[in-house]
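Notes follow the structure.
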Amino acid sequence: MGRYFGTDGIRGKANVELDAKKAFDVGRYLGYFYSKNKRGKILIGKDTRLSSSMFESALAAGITASGADVYLVGYCPTPAIAYLAKTRSFDCGAMISASHNPYYDNGIKIFSNEGVKLSSDIEDLIEDYIDGKLEIEYKTDNQIGRIIEYQHGLELYMDYLEEKFPLDLSGMNIALDCANGSASTTARQLLSRFNANCTVINNDPNGTNINTDCGSTHPEAIISLMKSGNYDIGFAFDGDADRLIAIDKNGELLTGDHVLYACGKYLKEKGMLKNNTVVTTVMANLGLFKVFDKMNINLVSTKVGDKYVYEEMVKNDYILGGEQSGHIIFSDYLTTGDGLLTALNLLFVMKSLNENSNEIANELKIFPQLLVNVKVKDKESVLNDEIINKKIKNVEEALNNNGRILVRPSGTEPLIRVMVEAETDEICQEMVYKIVDLIEAHG
C-alpha cells in the first residue's frame with residue numbers, strides 16, 4: 001500500500017483526504033509521464049457523485065497542463081474505462097469513483113493501456129510528485145493539451161458487450177437497481193437491446209443519492225420489488241457498476257458465490273473451464289468449496305480484493321474468478337469486474353440450460369456465516385498471541401470440516417475481523433465469541 005494509493009486507487013472524503021489539488025497533481029504527473037516522446041492520450045470517466053465533475057475538471061486541467069490530450073467519456077461504469085483504455089490506443093484511463101462508498105467519498109482509479117490497474121512503480125512516482133519530490137514544467141504555446149468529448153466511448157463499450165452475447169430475452173421481465181450510479185447510463189439501455197422488459201429503480205442520480213439505501217450493498221428495495229411482482233430475475237449494481245448482486249424470482253439473494261457456482265458449473269459441463277479452476281477469495285462461503293470439491297473443480301483462494309483475484313487468474317491462465325461481494329471477472333471478455341457482463345453471463349447460462357433463476361444455483365448450500373469486527377490497539381500482537389492462536393486451533397478442531405474460522409486484520413482500520421461459518425447460526429455465534437471475547441481480554 002502506498003502513501004495515497006490503496007489496492008483500488010486513491011480514495012477518501014472529497015476535499016478532505018482527496019482534494020481538487022491532489023487530483024490536479026495526479027493529472028500533472030500522468031500528462032508528463034505519457035508525453036515524454038509524443039503527445040499523450042488519456043481517457044477520463046466518472047460516476048454520478050456530486051464531486052465527480054470537480055475531480056474530472058481538476059484531473060483534466062493537470063493532464064493538459066503537462067501536454068497530453070484528454071478524452072472525456074462522462075458518466076460511465078468503471079469497466080468501460082478499462083475496456084476503452086485497452087482497445088482504443090489510449091496511454092491510460094482514469095475513473096473517478098469511490099465505488100460502493102457514500103456520495104461524500106470519491107476516488108481516482110487508473111488503468112494502464114492493458115486495461116489493468118496501474119503498476120505500483122508508476123503509482124510511487126505519482127506519490128513522489130504529490131509530495132513535492134519532483135518538478136514538472138508547464139507546457140506552453142501549442143504544446144498545451146486539448147480536452148475532447150468522447151461520449152461515443154460508452155456506445156463502443158455497450159456494442160462490445162452486445163456482440164459477445166447472442167441473447168434473445170423477449171418475454172423476460174428483469175428488475176434493475178442502478179444504485180443511482182453509473183449503471184443508470186447503461187443497464188436498461190443494454191438489456192433493452194436484447195428485448196428484455198426492464199423495470200428500473202434508483203435510476204435518477206442527483207449527486208448525493210448514489211448508493212444511499214440502494215444498489216448491491218443495500219438490496220432491500222429490489223428484494224421487495226421482486227417479491228411483489230412477477231420478475232424472472234433482478235440485478236442490483238454498485239455505484240460504479242463493476243459489481244453485481246442478483247436476486248432470484250423468489251426474492252432470494254444470489255451473491256458472487258452463487259454466480260461463480262452457476263458459471264463455473266456451466267463452463268465445466270461444456271468443457272470450457274480452463275485449467276478446471278475457479279478463483280475466489282478467503283471470504284467465499286464454505287459451501288462453494290464443498291460443492292466444487294464434489295464436482296472436481298479446483299477452487300483457488302486469494303487475499304480479499306479483486307486485484308488479487310485477477311493477478312492469480314493471469315498468473316495461471318484461469319478464466320473465471322471473483323468475490324462474494326459480486327466482483328466477478330470473466331477474463332476472456334474483460335480485464336476487470338463488470339456488473340453488466342456478469343448479468344449477461346448469468347442470463348446466458350439460464351437461457352442455455354433452460355433454467356429459472358431459482359434453479360441455476362440450487363445445489364449450492366450456503367453455510368451460515370457470522371463476522372464480528374474487534375477494535376484493537378495493535379493488530380500484529382493480537383495475530384501473534386500464542387493463547388489466541390491456540391484457541392483458534394481449538395475452534396477449528398471443534399468445527400471438524402463442517403465449518404471454518406477466519407481471523408484476519410482489516411487493511412484500513414485498527415480492527416481484527418473474526419469470521420466463522422458453520423452448519424447453524426447458533427454454532428457460529430458460540431464459536432465467534434470464543435475468539436472475540438479472548439481478543440478483547442488480551443488485545
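Residue numbers start at 1 in each chain; chains themselves are named A, B, ... in the order of the C-alpha cells; ligands are numbered from 1 in the order shown.
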Leaving out segment 212-225 of chain A and any residue of its chain fewer than 5 positions from it, which residues lie within 6 Å of it when counting only C-alpha atoms, given as a list in words?
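With the cut-off at 6 Å, the set is Asp177, Ala179, Ala236, Phe237, Asp238, Ile245 and Gly251 of chain A.
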10 Å contact set for Thr342 of chain A, only C-alpha atoms, chain neighbours under 6 positions out, as a ChimeraX atom specification:
/A:235,242-246,256,259-260,263,326-330,348
Save out the residues we just selected, all heavy atoms, as a CSV table (one decimal), in the first residue's frame.
chain,number,residue,atom,x,y,z
A,235,PHE,N,-31.3,-7.5,-10.8
A,235,PHE,CA,-29.9,-7.2,-10.7
A,235,PHE,C,-29.7,-5.9,-10.0
A,235,PHE,O,-30.3,-4.9,-10.3
A,235,PHE,CB,-29.3,-7.1,-12.1
A,235,PHE,CG,-29.3,-8.3,-13.0
A,235,PHE,CD1,-30.0,-8.3,-14.2
A,235,PHE,CD2,-28.7,-9.5,-12.5
A,235,PHE,CE1,-30.0,-9.5,-15.0
A,235,PHE,CE2,-28.8,-10.7,-13.3
A,235,PHE,CZ,-29.4,-10.7,-14.5
A,242,ASP,N,-19.3,-2.0,-11.3
A,242,ASP,CA,-18.3,-3.0,-11.6
A,242,ASP,C,-18.6,-4.3,-10.8
A,242,ASP,O,-17.9,-5.3,-10.9
A,242,ASP,CB,-16.9,-2.6,-11.4
A,242,ASP,CG,-16.5,-2.2,-10.0
A,242,ASP,OD1,-17.4,-2.2,-9.1
A,242,ASP,OD2,-15.3,-2.0,-9.7
A,243,ARG,N,-19.7,-4.2,-9.9
A,243,ARG,CA,-20.1,-5.4,-9.2
A,243,ARG,C,-21.6,-5.5,-9.2
A,243,ARG,O,-22.3,-4.6,-9.5
A,243,ARG,CB,-19.5,-5.4,-7.8
A,243,ARG,CG,-20.2,-4.4,-6.9
A,243,ARG,CD,-19.8,-4.7,-5.4
A,243,ARG,NE,-18.5,-4.3,-5.1
A,243,ARG,CZ,-18.0,-4.3,-3.8
A,243,ARG,NH1,-18.8,-4.7,-2.8
A,243,ARG,NH2,-16.8,-3.9,-3.6
A,244,LEU,N,-22.0,-6.8,-9.0
A,244,LEU,CA,-23.5,-7.1,-9.1
A,244,LEU,C,-23.9,-8.1,-8.1
A,244,LEU,O,-23.2,-9.1,-7.9
A,244,LEU,CB,-23.7,-7.6,-10.5
A,244,LEU,CG,-25.1,-8.2,-10.8
A,244,LEU,CD1,-25.9,-7.1,-11.5
A,244,LEU,CD2,-25.0,-9.4,-11.7
A,245,ILE,N,-25.0,-7.9,-7.5
A,245,ILE,CA,-25.7,-8.9,-6.7
A,245,ILE,C,-27.0,-9.2,-7.5
A,245,ILE,O,-27.7,-8.3,-7.8
A,245,ILE,CB,-26.0,-8.4,-5.3
A,245,ILE,CG1,-24.7,-8.2,-4.5
A,245,ILE,CG2,-26.9,-9.4,-4.5
A,245,ILE,CD1,-23.9,-9.4,-4.2
A,246,ALA,N,-27.3,-10.5,-7.7
A,246,ALA,CA,-28.5,-10.9,-8.4
A,246,ALA,C,-29.6,-11.3,-7.3
A,246,ALA,O,-29.2,-11.7,-6.2
A,246,ALA,CB,-28.2,-12.0,-9.4
A,256,GLY,N,-22.0,-13.3,-5.2
A,256,GLY,CA,-20.9,-13.7,-6.0
A,256,GLY,C,-20.6,-15.1,-6.0
A,256,GLY,O,-20.2,-15.7,-7.0
A,259,VAL,N,-23.0,-16.9,-8.3
A,259,VAL,CA,-22.6,-16.6,-9.7
A,259,VAL,C,-21.4,-17.5,-10.1
A,259,VAL,O,-21.4,-18.1,-11.2
A,259,VAL,CB,-22.3,-15.1,-9.9
A,259,VAL,CG1,-21.8,-14.9,-11.3
A,259,VAL,CG2,-23.5,-14.3,-9.7
A,260,LEU,N,-20.4,-17.6,-9.2
A,260,LEU,CA,-19.2,-18.4,-9.6
A,260,LEU,C,-19.6,-19.9,-9.7
A,260,LEU,O,-19.1,-20.6,-10.6
A,260,LEU,CB,-18.2,-18.3,-8.5
A,260,LEU,CG,-17.4,-16.9,-8.4
A,260,LEU,CD1,-16.5,-16.9,-7.2
A,260,LEU,CD2,-16.6,-16.7,-9.7
A,263,CYS,N,-21.8,-20.2,-13.1
A,263,CYS,CA,-21.0,-20.1,-14.3
A,263,CYS,C,-19.9,-21.1,-14.4
A,263,CYS,O,-19.5,-21.6,-15.5
A,263,CYS,CB,-20.4,-18.7,-14.4
A,263,CYS,SG,-21.7,-17.4,-14.6
A,326,GLY,N,-19.7,-9.7,-5.2
A,326,GLY,CA,-20.3,-9.5,-6.6
A,326,GLY,C,-19.3,-9.0,-7.6
A,326,GLY,O,-19.7,-8.7,-8.7
A,327,HIS,N,-18.0,-8.9,-7.2
A,327,HIS,CA,-17.0,-8.5,-8.2
A,327,HIS,C,-16.6,-9.8,-9.0
A,327,HIS,O,-15.9,-10.6,-8.4
A,327,HIS,CB,-15.7,-8.1,-7.5
A,327,HIS,CG,-15.5,-6.6,-7.6
A,327,HIS,ND1,-15.2,-5.9,-6.5
A,327,HIS,CD2,-15.4,-5.8,-8.6
A,327,HIS,CE1,-15.0,-4.6,-6.8
A,327,HIS,NE2,-15.1,-4.6,-8.1
A,328,ILE,N,-17.1,-10.0,-10.2
A,328,ILE,CA,-16.8,-11.2,-10.9
A,328,ILE,C,-16.0,-10.9,-12.2
A,328,ILE,O,-16.4,-9.9,-12.9
A,328,ILE,CB,-18.1,-12.0,-11.3
A,328,ILE,CG1,-19.1,-12.1,-10.1
A,328,ILE,CG2,-17.8,-13.3,-12.0
A,328,ILE,CD1,-18.5,-13.0,-9.0
A,329,ILE,N,-14.9,-11.6,-12.4
A,329,ILE,CA,-14.1,-11.4,-13.6
A,329,ILE,C,-14.2,-12.5,-14.5
A,329,ILE,O,-13.9,-13.7,-14.2
A,329,ILE,CB,-12.6,-11.2,-13.1
A,329,ILE,CG1,-12.5,-10.0,-12.1
A,329,ILE,CG2,-11.7,-10.9,-14.3
A,329,ILE,CD1,-11.2,-9.8,-11.5
A,330,PHE,N,-14.6,-12.2,-15.8
A,330,PHE,CA,-14.6,-13.2,-16.9
A,330,PHE,C,-13.5,-12.7,-17.8
A,330,PHE,O,-13.7,-11.9,-18.7
A,330,PHE,CB,-15.9,-13.2,-17.6
A,330,PHE,CG,-17.1,-13.5,-16.7
A,330,PHE,CD1,-17.8,-12.6,-16.0
A,330,PHE,CD2,-17.5,-14.9,-16.6
A,330,PHE,CE1,-18.9,-12.9,-15.2
A,330,PHE,CE2,-18.6,-15.2,-15.8
A,330,PHE,CZ,-19.3,-14.2,-15.1
A,348,PHE,N,-27.2,-15.8,-19.9
A,348,PHE,CA,-26.8,-16.7,-21.0
A,348,PHE,C,-26.9,-18.2,-20.4
A,348,PHE,O,-27.4,-19.1,-21.1
A,348,PHE,CB,-25.4,-16.4,-21.4
A,348,PHE,CG,-24.9,-17.3,-22.6
A,348,PHE,CD1,-25.4,-17.1,-23.9
A,348,PHE,CD2,-24.1,-18.3,-22.3
A,348,PHE,CE1,-25.0,-17.9,-24.9
A,348,PHE,CE2,-23.7,-19.1,-23.4
A,348,PHE,CZ,-24.1,-18.9,-24.7
Pick out each residue of segment 119-269 of chain A that DSSP on the backbone tags as alpha helix (DSSP H); I need them as number ranges by chain.
A: 120-130, 152-164, 187-193, 220-228, 256-269
